[in-house]
>>> print(open('protein-v8.pdb').read())   # PDB, C-alpha atoms, pLDDT in the B column
ATOM      1  CA  ASP I  23       4.368   6.505  15.857  1.00 70.00           C
ATOM      2  CA  VAL I  24       3.203   7.770  12.505  1.00 69.00           C
ATOM      3  CA  LYS I  25      -0.470   8.466  12.416  1.00 92.00           C
ATOM      4  CA  VAL I  26      -2.429   8.849   9.217  1.00 97.00           C
ATOM      5  CA  THR I  27      -6.121   9.551   9.596  1.00 97.00           C
ATOM      6  CA  GLN I  28      -8.904   9.603   7.057  1.00 97.00           C
ATOM      7  CA  SER I  29     -12.107  11.546   7.463  1.00 92.00           C
ATOM      8  CA  SER I  30     -14.554   8.655   7.074  1.00 93.00           C
ATOM      9  CA  ARG I  31     -14.377   4.873   7.368  1.00 95.00           C
ATOM     10  CA  TYR I  32     -17.542   4.321   5.350  1.00 97.00           C
ATOM     11  CA  LEU I  33     -19.252   6.610   2.870  1.00 97.00           C
ATOM     12  CA  VAL I  34     -22.287   6.169   0.640  1.00 98.00           C
ATOM     13  CA  LYS I  35     -22.836   8.665  -2.158  1.00 98.00           C
ATOM     14  CA  ARG I  36     -25.108   8.957  -5.168  1.00 98.00           C
ATOM     15  CA  THR I  37     -23.995   8.970  -8.779  1.00 98.00           C
ATOM     16  CA  GLY I  38     -23.052  12.483  -9.879  1.00 98.00           C
ATOM     17  CA  GLU I  39     -22.286  13.810  -6.402  1.00 97.00           C
ATOM     18  CA  LYS I  40     -19.027  15.568  -5.671  1.00 97.00           C
ATOM     19  CA  VAL I  41     -17.119  13.625  -3.031  1.00 98.00           C
ATOM     20  CA  PHE I  42     -14.293  14.813  -0.790  1.00 97.00           C
ATOM     21  CA  LEU I  43     -11.989  12.367   0.987  1.00 98.00           C
ATOM     22  CA  GLU I  44      -9.661  13.924   3.515  1.00 97.00           C
ATOM     23  CA  CYS I  45      -6.348  12.600   4.802  1.00 98.00           C
ATOM     24  CA  VAL I  46      -4.170  14.039   7.560  1.00 98.00           C
ATOM     25  CA  GLN I  47      -0.742  12.887   8.749  1.00 97.00           C
ATOM     26  CA  ASP I  48       0.934  14.083  11.914  1.00 95.00           C
ATOM     27  CA  MET I  49       4.593  13.231  11.269  1.00 92.00           C
ATOM     28  CA  ASP I  50       5.668  16.102   9.029  1.00 93.00           C
ATOM     29  CA  HIS I  51       6.046  13.769   6.063  1.00 94.00           C
ATOM     30  CA  GLU I  52       6.858  15.340   2.717  1.00 94.00           C
ATOM     31  CA  ASN I  53       5.083  12.777   0.531  1.00 94.00           C
ATOM     32  CA  MET I  54       1.437  11.828   0.442  1.00 96.00           C
ATOM     33  CA  PHE I  55      -0.415   9.344  -1.746  1.00 96.00           C
ATOM     34  CA  TRP I  56      -3.918   8.260  -2.658  1.00 98.00           C
ATOM     35  CA  TYR I  57      -4.607   4.662  -3.724  1.00 97.00           C
ATOM     36  CA  ARG I  58      -7.673   2.630  -4.428  1.00 97.00           C
ATOM     37  CA  GLN I  59      -7.802  -1.092  -3.744  1.00 97.00           C
ATOM     38  CA  ASP I  60     -10.132  -3.490  -5.497  1.00 96.00           C
ATOM     39  CA  PRO I  61     -10.325  -7.296  -5.274  1.00 92.00           C
ATOM     40  CA  GLY I  62      -7.978  -8.920  -7.761  1.00 89.00           C
ATOM     41  CA  LEU I  63      -6.446  -5.595  -8.816  1.00 91.00           C
ATOM     42  CA  GLY I  64      -4.348  -4.746  -5.792  1.00 92.00           C
ATOM     43  CA  LEU I  65      -3.366  -1.221  -4.845  1.00 95.00           C
ATOM     44  CA  ARG I  66      -3.458   1.293  -7.661  1.00 95.00           C
ATOM     45  CA  LEU I  67      -1.975   4.769  -7.350  1.00 95.00           C
ATOM     46  CA  ILE I  68      -4.355   7.611  -8.162  1.00 97.00           C
ATOM     47  CA  TYR I  69      -2.351  10.744  -7.312  1.00 97.00           C
ATOM     48  CA  PHE I  70       0.610  11.680  -5.177  1.00 95.00           C
ATOM     49  CA  SER I  71       2.255  14.814  -3.858  1.00 95.00           C
ATOM     50  CA  TYR I  72       5.863  15.484  -2.911  1.00 93.00           C
ATOM     51  CA  ASP I  73       5.292  18.994  -1.602  1.00 92.00           C
ATOM     52  CA  VAL I  74       2.627  21.486  -0.679  1.00 93.00           C
ATOM     53  CA  LYS I  75       0.610  22.655  -3.694  1.00 88.00           C
ATOM     54  CA  MET I  76       2.344  20.048  -5.817  1.00 91.00           C
ATOM     55  CA  LYS I  77       0.623  17.014  -7.341  1.00 94.00           C
ATOM     56  CA  GLU I  78       1.473  14.267  -9.781  1.00 94.00           C
ATOM     57  CA  LYS I  79      -0.777  11.814 -11.583  1.00 95.00           C
ATOM     58  CA  GLY I  80      -0.477   8.189 -10.711  1.00 94.00           C
ATOM     59  CA  ASP I  81      -1.651   5.235 -12.770  1.00 93.00           C
ATOM     60  CA  ILE I  82      -5.400   5.918 -12.685  1.00 96.00           C
ATOM     61  CA  PRO I  83      -6.092   9.652 -12.240  1.00 97.00           C
ATOM     62  CA  GLU I  84      -9.142   9.857 -14.510  1.00 97.00           C
ATOM     63  CA  GLY I  85     -12.232  11.050 -12.660  1.00 97.00           C
ATOM     64  CA  TYR I  86     -10.222  12.279  -9.666  1.00 98.00           C
ATOM     65  CA  SER I  87      -8.441  15.430  -8.568  1.00 98.00           C
ATOM     66  CA  VAL I  88      -6.433  16.293  -5.458  1.00 98.00           C
ATOM     67  CA  SER I  89      -5.539  19.237  -3.315  1.00 97.00           C
ATOM     68  CA  ARG I  90      -2.610  19.810  -0.983  1.00 97.00           C
ATOM     69  CA  GLU I  91      -2.831  23.249   0.567  1.00 95.00           C
ATOM     70  CA  LYS I  92      -1.043  22.272   3.780  1.00 96.00           C
ATOM     71  CA  LYS I  93       1.771  19.812   4.326  1.00 96.00           C
ATOM     72  CA  GLU I  94      -0.216  17.573   6.632  1.00 97.00           C
ATOM     73  CA  ARG I  95      -3.395  17.370   4.564  1.00 97.00           C
ATOM     74  CA  PHE I  96      -4.064  15.714   1.203  1.00 98.00           C
ATOM     75  CA  SER I  97      -7.568  15.655  -0.211  1.00 97.00           C
ATOM     76  CA  LEU I  98      -8.981  13.430  -2.932  1.00 98.00           C
ATOM     77  CA  ILE I  99     -11.924  14.773  -4.903  1.00 98.00           C
ATOM     78  CA  LEU I 100     -14.313  12.800  -7.052  1.00 98.00           C
ATOM     79  CA  GLU I 101     -15.761  15.515  -9.272  1.00 95.00           C
ATOM     80  CA  SER I 102     -18.828  13.506 -10.293  1.00 97.00           C
ATOM     81  CA  ALA I 103     -19.001  10.137  -8.574  1.00 98.00           C
ATOM     82  CA  SER I 104     -19.764   7.089 -10.667  1.00 98.00           C
ATOM     83  CA  THR I 105     -20.564   3.514  -9.682  1.00 98.00           C
ATOM     84  CA  ASN I 106     -17.189   2.285 -10.967  1.00 97.00           C
ATOM     85  CA  GLN I 107     -15.556   4.443  -8.292  1.00 98.00           C
ATOM     86  CA  THR I 108     -17.005   2.222  -5.576  1.00 98.00           C
ATOM     87  CA  SER I 109     -13.853   1.029  -3.848  1.00 98.00           C
ATOM     88  CA  MET I 110     -11.608   1.139  -0.792  1.00 97.00           C
ATOM     89  CA  TYR I 111      -9.580   4.361  -0.802  1.00 98.00           C
ATOM     90  CA  LEU I 112      -6.303   4.403   1.084  1.00 98.00           C
ATOM     91  CA  CYS I 113      -4.163   7.407   1.891  1.00 98.00           C
ATOM     92  CA  ALA I 114      -0.482   7.008   2.705  1.00 97.00           C
ATOM     93  CA  SER I 115       2.459   9.211   3.621  1.00 96.00           C
ATOM     94  CA  SER I 116       6.224   8.826   3.601  1.00 94.00           C
ATOM     95  CA  LEU I 117       9.126  10.815   4.907  1.00 91.00           C
ATOM     96  CA  GLY I 118      11.066  12.364   2.045  1.00 84.00           C
ATOM     97  CA  ASN I 119      12.520  10.040  -0.583  1.00 84.00           C
ATOM     98  CA  PRO I 120      10.332   8.274  -3.148  1.00 76.00           C
ATOM     99  CA  GLY I 121      11.690   4.931  -1.968  1.00 84.00           C
ATOM    100  CA  ASP I 122      10.852   5.453   1.718  1.00 91.00           C
ATOM    101  CA  GLU I 123       8.340   3.161   3.370  1.00 93.00           C
ATOM    102  CA  GLN I 124       4.776   4.396   3.304  1.00 95.00           C
ATOM    103  CA  TYR I 125       2.363   4.519   6.222  1.00 96.00           C
ATOM    104  CA  PHE I 126      -1.303   4.056   5.532  1.00 97.00           C
ATOM    105  CA  GLY I 127      -4.486   5.449   6.975  1.00 97.00           C
ATOM    106  CA  PRO I 128      -7.348   3.089   7.900  1.00 97.00           C
ATOM    107  CA  GLY I 129      -9.077   3.537   4.545  1.00 97.00           C
ATOM    108  CA  THR I 130     -12.444   4.812   3.395  1.00 97.00           C
ATOM    109  CA  ARG I 131     -14.857   2.323   1.916  1.00 97.00           C
ATOM    110  CA  LEU I 132     -16.852   4.341  -0.614  1.00 98.00           C
ATOM    111  CA  THR I 133     -20.035   3.049  -2.172  1.00 98.00           C
ATOM    112  CA  VAL I 134     -21.555   4.977  -5.070  1.00 98.00           C
ATOM    113  CA  THR I 135     -25.165   4.051  -5.798  1.00 97.00           C
TER     114      THR I 135
ATOM    115  CA  ARG D 727       6.820  -9.070 -17.218  1.00 63.00           C
ATOM    116  CA  LYS D 728       4.746  -7.462 -14.482  1.00 74.00           C
ATOM    117  CA  GLU D 729       6.570  -4.929 -12.341  1.00 90.00           C
ATOM    118  CA  VAL D 730       6.051  -6.846  -9.101  1.00 94.00           C
ATOM    119  CA  GLU D 731       4.694 -10.359  -9.188  1.00 95.00           C
ATOM    120  CA  GLN D 732       3.588 -12.662  -6.372  1.00 95.00           C
ATOM    121  CA  ASP D 733       1.871 -16.010  -6.177  1.00 91.00           C
ATOM    122  CA  PRO D 734      -1.609 -15.085  -4.868  1.00 91.00           C
ATOM    123  CA  GLY D 735      -1.990 -18.368  -2.957  1.00 90.00           C
ATOM    124  CA  PRO D 736      -3.780 -19.081  -0.761  1.00 94.00           C
ATOM    125  CA  PHE D 737      -1.205 -20.870   1.315  1.00 95.00           C
ATOM    126  CA  ASN D 738      -3.000 -23.029   3.866  1.00 97.00           C
ATOM    127  CA  VAL D 739      -0.674 -24.277   6.609  1.00 97.00           C
ATOM    128  CA  PRO D 740      -1.051 -25.740  10.106  1.00 98.00           C
ATOM    129  CA  GLU D 741       0.168 -23.931  13.196  1.00 98.00           C
ATOM    130  CA  GLY D 742       3.885 -24.386  13.676  1.00 98.00           C
ATOM    131  CA  ALA D 743       4.659 -24.800   9.993  1.00 98.00           C
ATOM    132  CA  THR D 744       7.320 -22.921   8.103  1.00 98.00           C
ATOM    133  CA  VAL D 745       6.119 -21.129   5.008  1.00 97.00           C
ATOM    134  CA  ALA D 746       7.952 -19.114   2.354  1.00 96.00           C
ATOM    135  CA  PHE D 747       6.708 -16.549  -0.128  1.00 95.00           C
ATOM    136  CA  ASN D 748       8.572 -15.312  -3.168  1.00 95.00           C
ATOM    137  CA  CYS D 749       8.200 -12.156  -5.181  1.00 96.00           C
ATOM    138  CA  THR D 750       9.860 -11.135  -8.448  1.00 96.00           C
ATOM    139  CA  TYR D 751      10.388  -7.609  -9.713  1.00 95.00           C
ATOM    140  CA  SER D 752      11.179  -6.279 -13.153  1.00 92.00           C
ATOM    141  CA  ASN D 753      13.383  -3.221 -12.633  1.00 90.00           C
ATOM    142  CA  SER D 754      17.015  -4.031 -11.928  1.00 89.00           C
ATOM    143  CA  ALA D 755      17.589  -0.459 -10.710  1.00 89.00           C
ATOM    144  CA  SER D 756      15.199  -0.848  -7.757  1.00 89.00           C
ATOM    145  CA  GLN D 757      16.765   0.106  -4.444  1.00 88.00           C
ATOM    146  CA  SER D 758      14.086  -0.234  -1.766  1.00 93.00           C
ATOM    147  CA  PHE D 759      12.245  -3.401  -0.862  1.00 95.00           C
ATOM    148  CA  PHE D 760       9.617  -4.114   1.762  1.00 97.00           C
ATOM    149  CA  TRP D 761       7.123  -6.658   2.981  1.00 98.00           C
ATOM    150  CA  TYR D 762       3.768  -5.350   4.168  1.00 98.00           C
ATOM    151  CA  ARG D 763       1.024  -7.244   5.923  1.00 98.00           C
ATOM    152  CA  GLN D 764      -2.658  -6.582   5.316  1.00 98.00           C
ATOM    153  CA  ASP D 765      -5.424  -8.041   7.444  1.00 97.00           C
ATOM    154  CA  CYS D 766      -8.891  -8.465   5.993  1.00 94.00           C
ATOM    155  CA  ARG D 767     -10.592  -5.090   5.444  1.00 91.00           C
ATOM    156  CA  LYS D 768      -7.704  -3.228   7.061  1.00 95.00           C
ATOM    157  CA  GLU D 769      -4.906  -1.057   5.758  1.00 96.00           C
ATOM    158  CA  PRO D 770      -1.468  -2.445   4.767  1.00 97.00           C
ATOM    159  CA  LYS D 771       1.113  -2.192   7.530  1.00 97.00           C
ATOM    160  CA  LEU D 772       4.863  -2.362   7.184  1.00 96.00           C
ATOM    161  CA  LEU D 773       6.143  -5.763   8.297  1.00 97.00           C
ATOM    162  CA  MET D 774       9.807  -5.312   7.488  1.00 96.00           C
ATOM    163  CA  SER D 775      12.260  -3.722   5.119  1.00 94.00           C
ATOM    164  CA  VAL D 776      14.446  -6.050   3.054  1.00 95.00           C
ATOM    165  CA  TYR D 777      18.170  -5.431   3.029  1.00 91.00           C
ATOM    166  CA  SER D 778      20.779  -6.728   0.626  1.00 89.00           C
ATOM    167  CA  SER D 779      22.402  -8.903   3.253  1.00 88.00           C
ATOM    168  CA  GLY D 780      19.087 -10.374   4.363  1.00 90.00           C
ATOM    169  CA  ASN D 781      17.476  -9.601   7.679  1.00 94.00           C
ATOM    170  CA  GLU D 782      15.530 -11.289  10.417  1.00 96.00           C
ATOM    171  CA  ASP D 783      12.879 -10.091  12.833  1.00 95.00           C
ATOM    172  CA  GLY D 784      11.852 -12.799  15.241  1.00 97.00           C
ATOM    173  CA  ARG D 785      10.148 -15.553  13.278  1.00 98.00           C
ATOM    174  CA  PHE D 786      10.352 -13.599  10.025  1.00 98.00           C
ATOM    175  CA  THR D 787      13.311 -13.636   7.632  1.00 98.00           C
ATOM    176  CA  ALA D 788      13.562 -11.586   4.454  1.00 97.00           C
ATOM    177  CA  GLN D 789      16.052 -12.198   1.672  1.00 96.00           C
ATOM    178  CA  LEU D 790      16.936 -10.247  -1.449  1.00 96.00           C
ATOM    179  CA  ASN D 791      18.512 -11.733  -4.556  1.00 94.00           C
ATOM    180  CA  ARG D 792      19.438  -8.863  -6.857  1.00 93.00           C
ATOM    181  CA  ALA D 793      20.901 -11.060  -9.578  1.00 93.00           C
ATOM    182  CA  SER D 794      17.650 -12.962 -10.006  1.00 93.00           C
ATOM    183  CA  GLN D 795      15.475  -9.998  -8.993  1.00 94.00           C
ATOM    184  CA  TYR D 796      13.469 -11.716  -6.342  1.00 93.00           C
ATOM    185  CA  ILE D 797      12.624 -11.208  -2.708  1.00 96.00           C
ATOM    186  CA  SER D 798      11.523 -13.826  -0.246  1.00 97.00           C
ATOM    187  CA  LEU D 799       9.796 -13.902   3.130  1.00 98.00           C
ATOM    188  CA  LEU D 800      10.138 -16.898   5.424  1.00 98.00           C
ATOM    189  CA  ILE D 801       7.822 -17.346   8.394  1.00 98.00           C
ATOM    190  CA  ARG D 802       8.838 -19.945  10.957  1.00 98.00           C
ATOM    191  CA  ASP D 803       6.588 -21.519  13.595  1.00 98.00           C
ATOM    192  CA  SER D 804       3.417 -20.057  12.054  1.00 98.00           C
ATOM    193  CA  LYS D 805       0.762 -18.703  14.416  1.00 98.00           C
ATOM    194  CA  LEU D 806      -2.963 -18.332  13.854  1.00 98.00           C
ATOM    195  CA  SER D 807      -2.399 -14.574  14.040  1.00 98.00           C
ATOM    196  CA  ASP D 808      -0.102 -14.717  10.997  1.00 98.00           C
ATOM    197  CA  SER D 809      -3.151 -15.274   8.792  1.00 98.00           C
ATOM    198  CA  ALA D 810      -3.194 -12.269   6.474  1.00 98.00           C
ATOM    199  CA  THR D 811      -2.212 -11.126   3.005  1.00 97.00           C
ATOM    200  CA  TYR D 812       1.476 -10.334   2.528  1.00 98.00           C
ATOM    201  CA  LEU D 813       2.369  -7.646   0.014  1.00 97.00           C
ATOM    202  CA  CYS D 814       5.746  -7.418  -1.669  1.00 97.00           C
ATOM    203  CA  VAL D 815       6.748  -3.795  -2.329  1.00 96.00           C
ATOM    204  CA  VAL D 816       9.516  -2.491  -4.556  1.00 95.00           C
ATOM    205  CA  ASN D 817      10.487   1.007  -5.557  1.00 90.00           C
ATOM    206  CA  ILE D 818      10.545   1.529  -9.309  1.00 83.00           C
ATOM    207  CA  ARG D 819      11.799   4.936 -10.375  1.00 78.00           C
ATOM    208  CA  THR D 820      10.002   7.435  -8.144  1.00 78.00           C
ATOM    209  CA  ALA D 821       7.209   5.221  -6.822  1.00 85.00           C
ATOM    210  CA  LEU D 822       6.611   2.232  -4.615  1.00 91.00           C
ATOM    211  CA  ILE D 823       4.943  -0.586  -6.502  1.00 93.00           C
ATOM    212  CA  PHE D 824       2.830  -2.985  -4.478  1.00 95.00           C
ATOM    213  CA  GLY D 825       2.353  -6.580  -5.477  1.00 95.00           C
ATOM    214  CA  LYS D 826      -1.165  -7.961  -5.340  1.00 95.00           C
ATOM    215  CA  GLY D 827      -0.315 -10.014  -2.305  1.00 96.00           C
ATOM    216  CA  THR D 828      -0.062 -13.612  -1.154  1.00 96.00           C
ATOM    217  CA  THR D 829      -2.756 -14.877   1.173  1.00 96.00           C
ATOM    218  CA  LEU D 830      -1.750 -17.016   4.137  1.00 97.00           C
ATOM    219  CA  SER D 831      -4.196 -18.978   6.227  1.00 97.00           C
ATOM    220  CA  VAL D 832      -2.877 -20.698   9.356  1.00 98.00           C
ATOM    221  CA  SER D 833      -5.155 -23.271  10.941  1.00 97.00           C
ATOM    222  CA  SER D 834      -5.095 -25.085  14.291  1.00 95.00           C
TER     223      SER D 834
END
>>> encode(input="protein-v8.pdb", output="structure tokens")
Amino acid sequence: DVKVTQSSRYLVKRTGEKVFLECVQDMDHENMFWYRQDPGLGLRLIYFSYDVKMKEKGDIPEGYSVSREKKERFSLILESASTNQTSMYLCASSLGNPGDEQYFGPGTRLTVT
Amino acid sequence: RKEVEQDPGPFNVPEGATVAFNCTYSNSASQSFFWYRQDCRKEPKLLMSVYSSGNEDGRFTAQLNRASQYISLLIRDSKLSDSATYLCVVNIRTALIFGKGTTLSVSS
């Protein structure tokens, strides 16, 4: 079974703080993704990575950066958290091809006050 | 036209009912199609892939119509535990695009 874990289920941060969200997958997947999900807007892709040290912008990368130093780990960084970044953040991984099914972690519900 | 479009619902059905969801997609070159299920405040989980010839998994049947660019999911003999949001997912170029989901509520 594919397992994708995220460092926190719930997180509360203050405006302006730097926030790190960690994601680890244990199935040697090549691809990893970060999404945010908001009511009425669905899942929106922030960043993705097809290889170690490689990253690509998704649909809404502004205000975020990512790091992939090891194959199994993909980190999302909010450089200076703002209240409009309050959201559910979901990490996912997939095997090798862009069209492969993705497996999601449990999500991190981030509140920025 | 939106890349992946679904009727948001909600669909409210009694136990035992048959319910069908449709999804349309914009890119005729798409090759991969999936249905995911998402329970309230949980992560999306793969329900089933959708193959060109159609496929069935127990009470669930998925169909693909490439000519009309739509995908369907049929749930027979609905259970209370089927209550969830169902996401249609299509690959467009190098990414998977998730629909916003259709909400199903099954009542006793």
>>> interface_residues(input="protein-v8.pdb", of="chain I", to="chain D", cutoff="8 Å", atoms="only C-alpha atoms", output="VMD selection string")
chain I and resid 62 to 65 112 120 to 129
>>> resolve_selection(input="protein-v8.pdb", expression="the PyMOL selection byres ((chain I and resi 54) around 10)", output="PyMOL selection string")
chain I and resi 45-47+51-53+55-56+69-74+77+90+93-97+113-118+124-126
>>> write_last_selection(input="protein-v8.pdb", atoms="C-alpha atoms", output="CSV table (one decimal), in the frame of the given file")
chain,number,residue,atom,x,y,z
I,45,CYS,CA,-6.3,12.6,4.8
I,46,VAL,CA,-4.2,14.0,7.6
I,47,GLN,CA,-0.7,12.9,8.7
I,51,HIS,CA,6.0,13.8,6.1
I,52,GLU,CA,6.9,15.3,2.7
I,53,ASN,CA,5.1,12.8,0.5
I,55,PHE,CA,-0.4,9.3,-1.7
I,56,TRP,CA,-3.9,8.3,-2.7
I,69,TYR,CA,-2.4,10.7,-7.3
I,70,PHE,CA,0.6,11.7,-5.2
I,71,SER,CA,2.3,14.8,-3.9
I,72,TYR,CA,5.9,15.5,-2.9
I,73,ASP,CA,5.3,19.0,-1.6
I,74,VAL,CA,2.6,21.5,-0.7
I,77,LYS,CA,0.6,17.0,-7.3
I,90,ARG,CA,-2.6,19.8,-1.0
I,93,LYS,CA,1.8,19.8,4.3
I,94,GLU,CA,-0.2,17.6,6.6
I,95,ARG,CA,-3.4,17.4,4.6
I,96,PHE,CA,-4.1,15.7,1.2
I,97,SER,CA,-7.6,15.7,-0.2
I,113,CYS,CA,-4.2,7.4,1.9
I,114,ALA,CA,-0.5,7.0,2.7
I,115,SER,CA,2.5,9.2,3.6
I,116,SER,CA,6.2,8.8,3.6
I,117,LEU,CA,9.1,10.8,4.9
I,118,GLY,CA,11.1,12.4,2.0
I,124,GLN,CA,4.8,4.4,3.3
I,125,TYR,CA,2.4,4.5,6.2
I,126,PHE,CA,-1.3,4.1,5.5
>>> atom_distance(input="protein-v8.pdb", atom1="CA of Ser809 (chain D)", atom2="CA of Glu782 (chain D)")
19.2 Å
>>> residues_around(input="protein-v8.pdb", residues="region 30-43 of chain I", least_positions_apart="3", cutoff="6 Å", atoms="all atoms listed in the file", output="list in words")
Ser97, Leu98, Ile99, Leu100, Glu101, Ser102, Ala103, Ser104, Thr130, Arg131, Leu132, Thr133, Val134 and Thr135 of chain I
>>> atom_distance(input="protein-v8.pdb", atom1="CA of Ser834 (chain D)", atom2="CA of Lys805 (chain D)")
8.7 Å
>>> residues_around(input="protein-v8.pdb", residues="region 738-741 of chain D", least_positions_apart="2", cutoff="7 Å", atoms="only C-alpha atoms", output="VMD selection string")
chain D and resid 736 743 803 to 806 830 to 834
>>> resolve_selection(input="protein-v8.pdb", expression="the PyMOL selection byres ((chain D and resi 728) around 10)", output="MDAnalysis selection string")
chainID D and resid 727 729:732 750:753 825
>>> atom_distance(input="protein-v8.pdb", atom1="CA of Ser778 (chain D)", atom2="CA of Ile797 (chain D)")
9.9 Å
>>> resolve_selection(input="protein-v8.pdb", expression="the PyMOL selection byres ((chain D and resi 810) around 8)", output="ChimeraX atom specification")
/D:763-766,807-809,811-812,829-831
>>> axis_aligned_box(input="protein-v8.pdb", around="region 808-817 of chain D", padding_each_side="4 Å", output="AutoDock Vina command-line options")
--center_x 3.6 --center_y -7.1 --center_z 2.7 --size_x 21.7 --size_y 24.3 --size_z 24.6
>>> build_atoms(input="protein-v8.pdb", residues="region 759-766 of chain D", atoms="all heavy atoms", output="short mmCIF file (atom, residue, chain, number, x, y, z; two decimals), keeping the file's coordinate frame")
data_model
loop_
_atom_site.label_atom_id
_atom_site.label_comp_id
_atom_site.auth_asym_id
_atom_site.auth_seq_id
_atom_site.Cartn_x
_atom_site.Cartn_y
_atom_site.Cartn_z
N PHE D 759 13.08 -2.20 -0.83
CA PHE D 759 12.24 -3.40 -0.86
C PHE D 759 11.61 -3.59 0.51
O PHE D 759 12.26 -3.39 1.54
CB PHE D 759 13.09 -4.64 -1.19
CG PHE D 759 13.94 -4.47 -2.43
CD1 PHE D 759 15.22 -3.97 -2.34
CD2 PHE D 759 13.43 -4.81 -3.67
CE1 PHE D 759 16.01 -3.79 -3.47
CE2 PHE D 759 14.21 -4.64 -4.81
CZ PHE D 759 15.50 -4.13 -4.72
N PHE D 760 10.34 -3.97 0.50
CA PHE D 760 9.62 -4.11 1.76
C PHE D 760 8.65 -5.28 1.67
O PHE D 760 8.21 -5.67 0.59
CB PHE D 760 8.79 -2.85 2.07
CG PHE D 760 9.55 -1.55 1.99
CD1 PHE D 760 9.51 -0.79 0.84
CD2 PHE D 760 10.27 -1.10 3.08
CE1 PHE D 760 10.20 0.41 0.77
CE2 PHE D 760 10.97 0.09 3.01
CZ PHE D 760 10.93 0.86 1.86
N TRP D 761 8.29 -5.79 2.84
CA TRP D 761 7.12 -6.66 2.98
C TRP D 761 6.12 -5.94 3.87
O TRP D 761 6.47 -5.45 4.94
CB TRP D 761 7.49 -8.00 3.61
CG TRP D 761 8.15 -8.94 2.65
CD1 TRP D 761 9.49 -9.21 2.54
CD2 TRP D 761 7.50 -9.75 1.65
NE1 TRP D 761 9.70 -10.13 1.54
CE2 TRP D 761 8.51 -10.48 0.98
CE3 TRP D 761 6.18 -9.93 1.26
CZ2 TRP D 761 8.23 -11.37 -0.06
CZ3 TRP D 761 5.90 -10.81 0.24
CH2 TRP D 761 6.91 -11.52 -0.42
N TYR D 762 4.87 -5.90 3.40
CA TYR D 762 3.77 -5.35 4.17
C TYR D 762 2.81 -6.49 4.48
O TYR D 762 2.70 -7.46 3.74
CB TYR D 762 3.00 -4.29 3.37
CG TYR D 762 3.61 -2.90 3.40
CD1 TYR D 762 4.82 -2.63 2.78
CD2 TYR D 762 2.95 -1.85 4.04
CE1 TYR D 762 5.36 -1.37 2.80
CE2 TYR D 762 3.48 -0.57 4.05
CZ TYR D 762 4.69 -0.33 3.43
OH TYR D 762 5.22 0.94 3.45
N ARG D 763 2.06 -6.30 5.56
CA ARG D 763 1.02 -7.24 5.92
C ARG D 763 -0.31 -6.51 5.89
O ARG D 763 -0.41 -5.36 6.34
CB ARG D 763 1.32 -7.75 7.34
CG ARG D 763 0.20 -8.56 7.92
CD ARG D 763 0.33 -8.71 9.42
NE ARG D 763 -0.90 -9.26 9.94
CZ ARG D 763 -0.98 -10.38 10.63
NH1 ARG D 763 0.13 -11.05 10.94
NH2 ARG D 763 -2.14 -10.84 11.06
N GLN D 764 -1.33 -7.18 5.34
CA GLN D 764 -2.66 -6.58 5.32
C GLN D 764 -3.68 -7.58 5.83
O GLN D 764 -3.86 -8.65 5.24
CB GLN D 764 -3.03 -6.12 3.90
CG GLN D 764 -4.35 -5.34 3.87
CD GLN D 764 -4.62 -4.70 2.52
OE1 GLN D 764 -4.11 -5.12 1.49
NE2 GLN D 764 -5.45 -3.65 2.51
N ASP D 765 -4.33 -7.23 6.92
CA ASP D 765 -5.42 -8.04 7.44
C ASP D 765 -6.70 -7.70 6.69
O ASP D 765 -6.83 -6.62 6.09
CB ASP D 765 -5.60 -7.78 8.94
CG ASP D 765 -4.41 -8.28 9.73
OD1 ASP D 765 -4.14 -9.50 9.66
OD2 ASP D 765 -3.73 -7.47 10.36
N CYS D 766 -7.65 -8.62 6.75
CA CYS D 766 -8.89 -8.46 5.99
C CYS D 766 -9.58 -7.14 6.33
O CYS D 766 -9.80 -6.84 7.52
CB CYS D 766 -9.81 -9.65 6.30
SG CYS D 766 -11.24 -9.72 5.24
#
